[in-house]
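Structure file start.tsv with TSV, C-alpha atoms:
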chain	number	residue	atom	x	y	z
A	98	MET	CA	0.00	0.00	0.00
A	99	GLY	CA	2.65	2.47	1.05
A	100	ASN	CA	4.93	1.91	-1.93
A	101	SER	CA	2.04	2.19	-4.38
A	102	ALA	CA	0.89	5.42	-2.71
A	103	ARG	CA	4.42	6.85	-2.88
A	104	VAL	CA	4.79	6.08	-6.57
A	105	GLY	CA	1.32	7.42	-7.32
A	106	ALA	CA	2.22	10.69	-5.58
A	107	GLN	CA	5.49	10.92	-7.49
A	108	VAL	CA	3.73	10.45	-10.82
A	109	ALA	CA	1.47	13.39	-9.97
A	110	MET	CA	4.39	15.53	-8.78
A	111	ASP	CA	6.35	14.85	-11.97
A	112	GLU	CA	3.37	15.81	-14.12
A	113	ILE	CA	2.81	19.03	-12.20
A	114	ASN	CA	6.46	20.05	-12.27
A	115	GLU	CA	6.73	19.33	-16.01
A	116	VAL	CA	4.22	22.11	-16.65
A	117	GLY	CA	5.65	24.66	-14.25
A	118	GLY	CA	4.71	23.52	-10.75
A	119	TYR	CA	2.86	25.94	-8.49
A	120	LEU	CA	3.09	29.59	-9.61
A	121	GLY	CA	6.42	28.82	-11.25
A	122	ARG	CA	7.83	26.92	-8.28
A	123	LYS	CA	8.62	23.19	-8.46
A	124	LEU	CA	6.91	21.01	-5.87
A	125	GLU	CA	8.97	18.70	-3.69
A	126	LEU	CA	7.71	15.39	-2.33
A	127	VAL	CA	8.91	14.86	1.26
A	128	VAL	CA	8.53	11.16	2.08
A	129	ARG	CA	8.37	9.45	5.48
A	130	ASP	CA	7.78	5.77	6.22
A	131	ASP	CA	5.65	5.01	9.29
A	132	LYS	CA	6.64	1.32	9.00
A	133	GLY	CA	3.12	0.20	9.81
A	134	ASN	CA	3.72	1.18	13.44
A	135	PRO	CA	1.47	3.69	15.28
A	136	ASP	CA	4.29	5.13	17.40
A	137	GLU	CA	6.43	5.64	14.31
A	138	ALA	CA	3.43	7.24	12.60
A	139	LEU	CA	3.17	9.78	15.42
A	140	LYS	CA	6.93	10.46	15.28
A	141	VAL	CA	7.16	11.07	11.54
A	142	SER	CA	3.97	13.14	11.54
A	143	LYS	CA	5.54	15.51	14.04
A	144	GLU	CA	8.69	15.66	11.90
A	145	LEU	CA	6.73	16.63	8.81
A	146	VAL	CA	4.55	19.24	10.49
A	147	GLU	CA	6.90	20.73	13.08
A	148	GLN	CA	10.38	20.32	11.54
A	149	GLU	CA	9.98	20.01	7.78
A	150	LYS	CA	7.01	22.42	7.86
A	151	VAL	CA	5.50	20.85	4.75
A	152	VAL	CA	2.56	22.67	3.13
A	153	ALA	CA	0.18	19.73	3.60
A	154	THR	CA	0.35	15.97	4.11
A	155	ILE	CA	-1.07	13.08	2.08
A	156	GLY	CA	-1.02	9.48	3.14
A	157	PHE	CA	-1.60	6.85	5.83
A	158	CYS	CA	-2.38	3.30	4.82
A	159	ASN	CA	-3.28	1.95	8.27
A	160	THR	CA	-6.23	3.21	10.28
A	161	GLY	CA	-4.52	2.62	13.64
A	162	ASN	CA	-1.47	4.61	12.53
A	163	ALA	CA	-3.57	7.50	11.29
A	164	MET	CA	-5.63	7.62	14.48
A	165	LYS	CA	-2.47	7.83	16.57
A	166	ALA	CA	-1.31	10.90	14.62
A	167	LEU	CA	-4.53	12.82	13.83
A	168	ASP	CA	-4.13	15.29	16.70
A	169	VAL	CA	-0.76	16.42	15.31
A	170	PHE	CA	-2.42	17.69	12.14
A	171	GLN	CA	-5.59	18.99	13.75
A	172	ASN	CA	-3.84	20.93	16.52
A	173	ALA	CA	-1.45	22.53	14.02
A	174	LYS	CA	-4.30	23.43	11.61
A	175	HIS	CA	-2.40	21.44	9.01
A	176	VAL	CA	-4.31	19.72	6.19
A	177	LEU	CA	-4.07	15.93	5.97
A	178	ILE	CA	-5.61	14.10	3.02
A	179	VAL	CA	-5.96	10.39	3.80
A	180	SER	CA	-5.63	8.63	0.47
A	181	CYS	CA	-5.54	4.98	1.58
A	182	ALA	CA	-6.73	4.22	5.14
A	183	THR	CA	-10.47	3.57	5.32
A	184	GLY	CA	-11.45	3.44	9.01
A	185	THR	CA	-14.75	5.31	9.34
A	186	VAL	CA	-13.55	7.06	12.48
A	187	LEU	CA	-10.79	9.00	10.70
A	188	THR	CA	-13.08	11.68	9.29
A	189	ALA	CA	-15.52	11.44	12.19
A	190	LYS	CA	-13.20	12.33	15.06
A	191	TYR	CA	-13.64	16.07	14.56
A	192	PRO	CA	-16.69	17.98	13.21
A	193	ALA	CA	-16.07	18.67	9.51
A	194	ALA	CA	-16.49	22.42	9.93
A	195	GLU	CA	-13.49	22.44	12.27
A	196	SER	CA	-11.55	19.48	10.87
A	197	TYR	CA	-8.32	19.57	8.86
A	198	ILE	CA	-8.67	15.86	8.01
A	199	PHE	CA	-9.90	14.99	4.50
A	200	ARG	CA	-10.12	11.66	2.70
A	201	ASN	CA	-10.49	10.36	-0.86
A	202	SER	CA	-10.59	6.64	-0.07
A	203	ALA	CA	-13.85	4.78	0.59
A	204	ARG	CA	-14.58	4.68	4.32
A	205	ASP	CA	-15.39	1.31	5.86
A	206	GLN	CA	-18.96	2.29	6.58
A	207	LEU	CA	-19.56	2.44	2.82
A	208	GLN	CA	-17.60	-0.73	2.06
A	209	THR	CA	-19.36	-2.83	4.68
A	210	GLN	CA	-22.80	-1.68	3.54
A	211	PHE	CA	-21.81	-2.42	-0.06
A	212	LEU	CA	-20.82	-5.99	0.85
A	213	VAL	CA	-23.94	-6.59	2.92
A	214	ASN	CA	-26.09	-5.31	0.05
A	215	GLU	CA	-24.36	-7.91	-2.15
A	216	LEU	CA	-25.21	-10.66	0.38
A	217	VAL	CA	-28.86	-9.58	0.38
A	218	LYS	CA	-28.91	-9.48	-3.42
A	219	ARG	CA	-27.66	-13.10	-3.50
A	220	LYS	CA	-29.97	-14.22	-0.66
A	221	LEU	CA	-27.02	-15.18	1.54
A	222	GLY	CA	-28.12	-14.85	5.15
A	223	LYS	CA	-25.48	-16.67	7.21
A	224	PRO	CA	-22.14	-14.86	6.76
A	225	ALA	CA	-18.95	-15.92	8.49
A	226	LEU	CA	-16.71	-13.00	9.46
A	227	LEU	CA	-12.93	-13.43	9.76
A	228	VAL	CA	-11.48	-10.20	11.14
A	229	ASP	CA	-7.92	-9.31	12.06
A	230	LYS	CA	-7.03	-7.93	15.50
A	231	SER	CA	-5.69	-4.57	14.31
A	232	GLY	CA	-7.35	-1.19	14.81
A	233	TYR	CA	-8.60	-1.59	11.25
A	234	GLY	CA	-10.23	-4.88	12.21
A	235	ASP	CA	-11.77	-3.44	15.38
A	236	THR	CA	-13.54	-0.60	13.58
A	237	GLY	CA	-14.35	-2.74	10.55
A	238	LEU	CA	-16.12	-5.34	12.67
A	239	LYS	CA	-18.31	-2.64	14.22
A	240	ASP	CA	-19.24	-1.37	10.78
A	241	LEU	CA	-19.94	-4.90	9.52
A	242	GLU	CA	-22.21	-5.65	12.47
A	243	ALA	CA	-24.05	-2.35	11.98
A	244	ALA	CA	-24.55	-2.98	8.25
A	245	LEU	CA	-25.82	-6.52	8.91
A	246	GLU	CA	-28.21	-5.28	11.58
A	247	LYS	CA	-29.57	-2.68	9.15
A	248	ALA	CA	-30.35	-5.57	6.77
A	249	LYS	CA	-31.92	-7.56	9.64
A	250	LEU	CA	-29.06	-10.06	9.54
A	251	LYS	CA	-26.55	-11.27	12.12
A	252	PRO	CA	-23.04	-12.68	11.79
A	253	HIS	CA	-23.40	-16.46	11.69
A	254	PHE	CA	-19.80	-17.00	12.80
A	255	VAL	CA	-17.04	-14.59	13.92
A	256	ALA	CA	-13.33	-15.27	14.38
A	257	ARG	CA	-10.51	-12.82	15.11
A	258	PHE	CA	-6.91	-13.52	14.15
A	259	ASP	CA	-3.47	-11.97	14.50
A	260	VAL	CA	-1.96	-9.90	11.72
A	261	GLY	CA	0.90	-11.91	10.21
A	262	THR	CA	-0.74	-15.30	10.62
A	263	LYS	CA	0.31	-17.90	8.06
A	264	SER	CA	-2.67	-20.24	8.25
A	265	LEU	CA	-6.34	-19.91	9.07
A	266	ASP	CA	-7.29	-23.52	8.36
A	267	ALA	CA	-8.71	-24.11	11.85
A	268	GLU	CA	-10.81	-20.95	11.85
A	269	LEU	CA	-12.21	-21.62	8.38
A	270	ALA	CA	-12.98	-25.22	9.29
A	271	ARG	CA	-15.07	-23.98	12.21
A	272	ALA	CA	-16.78	-21.43	9.94
A	273	ARG	CA	-17.56	-24.16	7.40
A	274	ASP	CA	-18.87	-26.51	10.08
A	275	SER	CA	-21.10	-23.75	11.46
A	276	GLY	CA	-23.15	-23.84	8.26
A	277	ALA	CA	-22.17	-20.36	7.07
A	278	ASP	CA	-23.14	-19.67	3.45
A	279	ALA	CA	-20.74	-16.77	2.75
A	280	LEU	CA	-17.33	-15.58	3.93
A	281	ILE	CA	-16.21	-12.01	4.54
A	282	GLY	CA	-12.54	-11.58	5.42
A	283	TRP	CA	-11.89	-8.15	6.93
A	284	THR	CA	-8.16	-7.53	6.74
A	285	VAL	CA	-5.48	-6.21	4.36
A	286	GLY	CA	-3.68	-7.92	1.49
A	287	PRO	CA	-1.37	-10.57	2.95
A	288	GLU	CA	-3.95	-11.99	5.34
A	289	SER	CA	-6.68	-11.84	2.66
A	290	GLY	CA	-4.43	-14.20	0.72
A	291	VAL	CA	-4.06	-16.47	3.75
A	292	ILE	CA	-7.87	-16.67	4.04
A	293	ALA	CA	-8.20	-17.59	0.36
A	294	ALA	CA	-5.45	-20.23	0.59
A	295	SER	CA	-7.04	-21.86	3.64
A	296	ARG	CA	-10.46	-21.83	1.99
A	297	ALA	CA	-8.99	-23.56	-1.07
A	298	ARG	CA	-7.22	-26.23	1.01
A	299	LEU	CA	-10.49	-27.01	2.78
A	300	GLY	CA	-12.42	-27.15	-0.48
A	301	TRP	CA	-15.03	-24.78	0.96
A	302	LYS	CA	-17.01	-23.46	-2.00
A	303	VAL	CA	-18.92	-20.53	-0.46
A	304	PRO	CA	-18.29	-17.10	-2.03
A	305	GLN	CA	-15.46	-15.07	-0.50
A	306	PHE	CA	-15.88	-11.31	-0.12
A	307	GLY	CA	-13.59	-8.64	1.26
A	308	PRO	CA	-12.83	-4.93	1.43
A	309	TRP	CA	-10.34	-3.23	-0.84
A	310	GLY	CA	-7.37	-5.07	0.74
A	311	LEU	CA	-8.42	-8.24	-1.08
A	312	SER	CA	-7.36	-6.50	-4.31
A	313	HIS	CA	-3.74	-6.01	-3.22
A	314	ARG	CA	-1.06	-7.94	-5.10
A	315	SER	CA	0.01	-9.48	-1.79
A	316	ALA	CA	-3.39	-11.20	-1.56
A	317	LEU	CA	-2.80	-12.84	-4.93
A	318	GLU	CA	0.77	-13.84	-4.06
A	319	ASN	CA	0.05	-15.11	-0.52
A	320	SER	CA	-2.83	-17.22	-1.76
A	321	GLY	CA	-0.85	-18.84	-4.57
A	322	GLY	CA	-3.63	-17.72	-6.90
A	323	ALA	CA	-6.45	-19.05	-4.70
A	324	VAL	CA	-8.09	-15.58	-4.67
A	325	GLU	CA	-9.42	-16.42	-8.15
A	326	GLY	CA	-13.12	-15.50	-8.12
A	327	ALA	CA	-12.99	-13.76	-4.73
A	328	MET	CA	-14.88	-10.45	-4.70
A	329	MET	CA	-13.83	-7.08	-3.26
A	330	VAL	CA	-14.94	-3.46	-3.00
A	331	GLN	CA	-13.18	-1.13	-5.45
A	332	THR	CA	-13.12	2.57	-6.28
A	333	ILE	CA	-11.19	1.86	-9.49
A	334	LEU	CA	-10.60	-1.04	-11.85
A	335	PRO	CA	-8.53	-0.94	-15.06
A	336	ASN	CA	-10.59	0.36	-17.96
A	337	ARG	CA	-8.92	0.59	-21.37
A	338	PHE	CA	-11.70	2.84	-22.64
A	339	LEU	CA	-10.75	5.63	-20.20
A	340	GLU	CA	-7.83	7.66	-21.53
A	341	ARG	CA	-7.07	8.97	-18.01
A	342	HIS	CA	-6.51	5.39	-16.81
A	343	GLN	CA	-4.20	4.54	-19.66
A	344	SER	CA	-2.08	7.65	-19.16
A	345	PHE	CA	-1.75	7.12	-15.42
A	346	PHE	CA	-0.94	3.41	-15.57
A	347	THR	CA	1.62	3.96	-18.32
A	348	ARG	CA	3.47	6.61	-16.29
A	349	TYR	CA	3.17	4.58	-13.08
A	350	ASN	CA	4.63	1.45	-14.67
A	351	ARG	CA	7.45	3.44	-16.24
A	352	LEU	CA	8.43	4.76	-12.82
A	353	SER	CA	7.84	1.66	-10.68
A	354	LYS	CA	8.80	-1.17	-13.06
A	355	GLU	CA	6.14	-3.34	-11.35
A	356	ALA	CA	4.58	-6.11	-13.40
A	357	THR	CA	1.44	-5.80	-11.27
A	358	ILE	CA	0.74	-2.71	-9.18
A	359	GLY	CA	0.95	-3.61	-5.50
A	360	SER	CA	-2.17	-1.65	-4.55
A	361	MET	CA	-3.92	-0.04	-7.50
A	362	MET	CA	-6.34	1.93	-5.34
A	363	SER	CA	-3.55	3.30	-3.12
A	364	ALA	CA	-1.69	4.48	-6.22
A	365	ALA	CA	-4.64	6.06	-8.02
A	366	GLN	CA	-6.21	7.66	-4.96
A	367	THR	CA	-2.91	9.19	-3.85
A	368	TYR	CA	-2.28	10.50	-7.36
A	369	ASP	CA	-5.70	12.15	-7.31
A	370	ALA	CA	-5.11	13.52	-3.79
A	371	VAL	CA	-1.99	15.39	-4.98
A	372	HIS	CA	-3.96	17.00	-7.81
A	373	LEU	CA	-6.85	17.92	-5.50
A	374	LEU	CA	-4.37	19.53	-3.11
A	375	LEU	CA	-2.79	21.51	-5.95
A	376	ARG	CA	-6.16	22.90	-6.98
A	377	ALA	CA	-6.89	23.97	-3.40
A	378	MET	CA	-3.48	25.69	-3.28
A	379	PHE	CA	-4.26	27.65	-6.45
A	380	GLN	CA	-7.55	28.82	-4.98
A	381	GLY	CA	-5.62	30.32	-2.06
A	382	LYS	CA	-3.83	32.67	-4.53
A	383	GLY	CA	-0.49	32.35	-2.77
A	384	ASP	CA	-1.80	31.74	0.76
A	385	LEU	CA	-0.50	28.30	1.71
A	386	SER	CA	-1.66	28.33	5.31
A	387	GLY	CA	-3.67	25.42	6.64
A	388	PRO	CA	-6.91	27.42	6.90
A	389	ALA	CA	-6.53	28.63	3.31
A	390	ILE	CA	-5.94	25.12	1.95
A	391	LYS	CA	-8.84	23.78	4.01
A	392	LYS	CA	-11.12	26.45	2.58
A	393	GLY	CA	-9.88	25.68	-0.92
A	394	LEU	CA	-10.61	21.96	-0.61
A	395	GLU	CA	-14.07	22.66	0.75
A	396	ASN	CA	-14.87	25.06	-2.08
A	397	LEU	CA	-13.16	23.74	-5.24
A	398	ASP	CA	-14.60	25.90	-7.98
A	399	ARG	CA	-14.34	23.45	-10.88
A	400	PRO	CA	-14.40	19.67	-11.36
A	401	TYR	CA	-11.14	17.73	-11.47
A	402	ARG	CA	-11.05	14.85	-13.94
A	403	GLY	CA	-9.04	12.34	-11.95
A	404	VAL	CA	-8.10	8.70	-12.37
A	405	VAL	CA	-10.58	7.29	-9.85
A	406	THR	CA	-13.44	9.58	-10.88
A	407	THR	CA	-14.32	13.13	-11.82
A	408	TYR	CA	-14.37	15.04	-8.55
A	409	SER	CA	-17.10	17.67	-8.56
A	410	GLN	CA	-17.21	19.44	-5.18
A	411	PRO	CA	-15.72	16.39	-3.45
A	412	PHE	CA	-15.51	18.18	-0.09
A	413	SER	CA	-17.57	20.74	1.77
A	414	ALA	CA	-17.62	22.37	5.19
A	415	THR	CA	-19.92	19.55	6.35
A	416	ASP	CA	-18.39	16.56	4.52
A	417	HIS	CA	-14.70	15.70	4.22
A	418	ASP	CA	-15.12	12.33	2.45
A	419	ALA	CA	-14.77	12.50	-1.34
A	420	ILE	CA	-16.16	9.01	-2.08
A	421	SER	CA	-19.88	8.19	-1.85
A	422	ALA	CA	-21.64	4.82	-2.03
A	423	ASN	CA	-22.62	5.14	-5.70
A	424	MET	CA	-18.92	5.33	-6.68
A	425	LEU	CA	-18.06	1.77	-5.62
A	426	TRP	CA	-17.63	-1.27	-7.87
A	427	LEU	CA	-17.58	-5.01	-7.17
A	428	GLY	CA	-14.24	-6.32	-8.40
A	429	THR	CA	-12.86	-9.83	-8.63
A	430	TRP	CA	-9.62	-11.67	-9.42
A	431	GLN	CA	-9.60	-13.32	-12.83
A	432	SER	CA	-6.48	-15.03	-14.20
A	433	GLY	CA	-4.30	-12.95	-11.89
A	434	GLN	CA	-5.90	-9.66	-12.92
A	435	ARG	CA	-8.33	-7.30	-11.18
A	436	VAL	CA	-11.53	-7.00	-13.23
A	437	TYR	CA	-15.18	-5.97	-12.84
A	438	PHE	CA	-17.27	-8.80	-11.44
A	439	TYR	CA	-20.36	-7.75	-13.36
A	440	GLU	CA	-20.04	-7.43	-17.12
A	441	ASP	CA	-22.70	-4.74	-17.03
A	442	ASP	CA	-20.47	-2.64	-14.76
A	443	ALA	CA	-17.56	-3.00	-17.16
A	444	GLN	CA	-19.74	-1.77	-20.02
A	445	LYS	CA	-20.98	1.23	-18.03
A	446	ALA	CA	-17.66	2.12	-16.41
A	447	SER	CA	-16.92	4.94	-18.84
A	448	VAL	CA	-19.92	6.80	-17.41
A	449	ILE	CA	-18.41	8.79	-14.55
A	450	ARG	CA	-20.03	8.24	-11.18
A	451	ARG	CA	-19.97	11.56	-9.36
A	452	LYS	CA	-20.38	12.05	-5.64
A	453	GLN	CA	-23.91	11.98	-4.25
A	454	PRO	CA	-25.08	13.12	-0.79
Could you show the structure in this file as structure tokens?
Amino acid sequence: MGNSARVGAQVAMDEINEVGGYLGRKLELVVRDDKGNPDEALKVSKELVEQEKVVATIGFCNTGNAMKALDVFQNAKHVLIVSCATGTVLTAKYPAAESYIFRNSARDQLQTQFLVNELVKRKLGKPALLVDKSGYGDTGLKDLEAALEKAKLKPHFVARFDVGTKSLDAELARARDSGADALIGWTVGPESGVIAASRARLGWKVPQFGPWGLSHRSALENSGGAVEGAMMVQTILPNRFLERHQSFFTRYNRLSKEATIGSMMSAAQTYDAVHLLLRAMFQGKGDLSGPAIKKGLENLDRPYRGVVTTYSQPFSATDHDAISANMLWLGTWQSGQRVYFYEDDAQKASVIRRKQP
């Protein structure tokens, strides 16, 4: 996730600097690695805001890391755009009118409701939930339970597991024996692959669903290809009919040399976040203070045609989440590639889905 986000940001920076930067000044990308550790996330956030005095910050791939550091940005009136982490709480901690925290990834509340809607559509009423023990898992489980309750459903089986586990055979065997008719694995890429591999070894044929982490390359690699047919929530899937996609992926691959992008959503969302930030900076007419950038993001005066979508007033003084429920797709793994699950979606994908209230 982090590497894909970094490369996506660099692609955007290179594009911007090639055409003159900001008011004739080249932009510089200042990179810090939080190492997936909340304490390190707090440390490097302070470095960026207090020592480097960067104009604004984009990033965070882990909800627990972001939560540990949010106060650093809020107290300094320093804009943070979360381009990867999806924990619902991140943009809910402070009232939007006062908050300096923005996000252009799909919050878990949307993803969980999307998956539950898919269960209802398929008449699957006994889901097994396998959830990791991270902060991401804690908040995701709450959102899953709330979405199921809204649909008048209950989890049929729940198991929690440690991040880094190499096998979930025992947990999936218990889920299978419970009579569950669907499987939702709530975790990031590597462990999503572990779930798929265990499911394959057991020969359990129920459909496997997951959040965006199931689309990471690590899920494919850790499963040995067993994620084939598994379904996940996506804000973007490759679409050769969209020129913006082709341009971005070409430049990304040229810079990264990856055969398969590690986390396509991390890359594209971070790329878009850089361009959204630039547009807010231009609206400040030279004022690069946190309040000015915040005001610019909340009042973008023209749409931005990004890679993920066309952003038309993505933020406001009452809403700091750029992605709405209508902008999500159901993706799947097919022959080692991320594709639309529904052929109808693939055919309609060139019609831009803009944010709805």
Find, counting only C-alpha atoms, the residue in A:Val217, A:Gly387, A:Lys263, A:Leu139 that gets nearest to Gln171 (chain A). A:Gly387
I'd like the neighbourhood of Gly222 (chain A) as a VMD selection string, where a residue qualifies if any of its atoms comes within 12 Å (using only C-alpha atoms), though same-chain residues fewer than 4 positions away should be ignored. chain A and resid 213 to 218 245 to 246 248 to 254 276 to 280
Writer output for current selection, C-alpha atoms, as a short mmCIF file (atom, residue, chain, number, x, y, z; two decimals), keeping the file's coordinate frame:
data_model
loop_
_atom_site.label_atom_id
_atom_site.label_comp_id
_atom_site.auth_asym_id
_atom_site.auth_seq_id
_atom_site.Cartn_x
_atom_site.Cartn_y
_atom_site.Cartn_z
CA VAL A 213 -23.94 -6.59 2.92
CA ASN A 214 -26.09 -5.31 0.05
CA GLU A 215 -24.36 -7.91 -2.15
CA LEU A 216 -25.21 -10.66 0.38
CA VAL A 217 -28.86 -9.58 0.38
CA LYS A 218 -28.91 -9.48 -3.42
CA LEU A 245 -25.82 -6.52 8.91
CA GLU A 246 -28.21 -5.28 11.58
CA ALA A 248 -30.35 -5.57 6.77
CA LYS A 249 -31.92 -7.56 9.64
CA LEU A 250 -29.06 -10.06 9.54
CA LYS A 251 -26.55 -11.27 12.12
CA PRO A 252 -23.04 -12.68 11.79
CA HIS A 253 -23.40 -16.46 11.69
CA PHE A 254 -19.80 -17.00 12.80
CA GLY A 276 -23.15 -23.84 8.26
CA ALA A 277 -22.17 -20.36 7.07
CA ASP A 278 -23.14 -19.67 3.45
CA ALA A 279 -20.74 -16.77 2.75
CA LEU A 280 -17.33 -15.58 3.93
#
Within 12 Å of Arg348 (chain A), counting all atoms listed in the file, which residues qualify if same-chain residues fewer than 5 places away don't, as a list of chain:residue names? A:Val104, A:Gly105, A:Ala106, A:Gln107, A:Val108, A:Ala109, A:Met110, A:Asp111, A:Glu112, A:Arg341, A:His342, A:Gln343, A:Ser353, A:Lys354, A:Glu355, A:Ala364, A:Ala365, A:Tyr368
Of the candidates A:Trp426, A:Phe345, A:Phe170, A:Tyr408, which shows the shortest atom-to-atom distance to Gln208 (chain A), using all atoms listed in the file? A:Trp426
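Nearest to Gly286 (chain A) of all the residues A:Thr406, A:Asn114, A:Asn159, A:Ser180 is A:Asn159, counting only C-alpha atoms.
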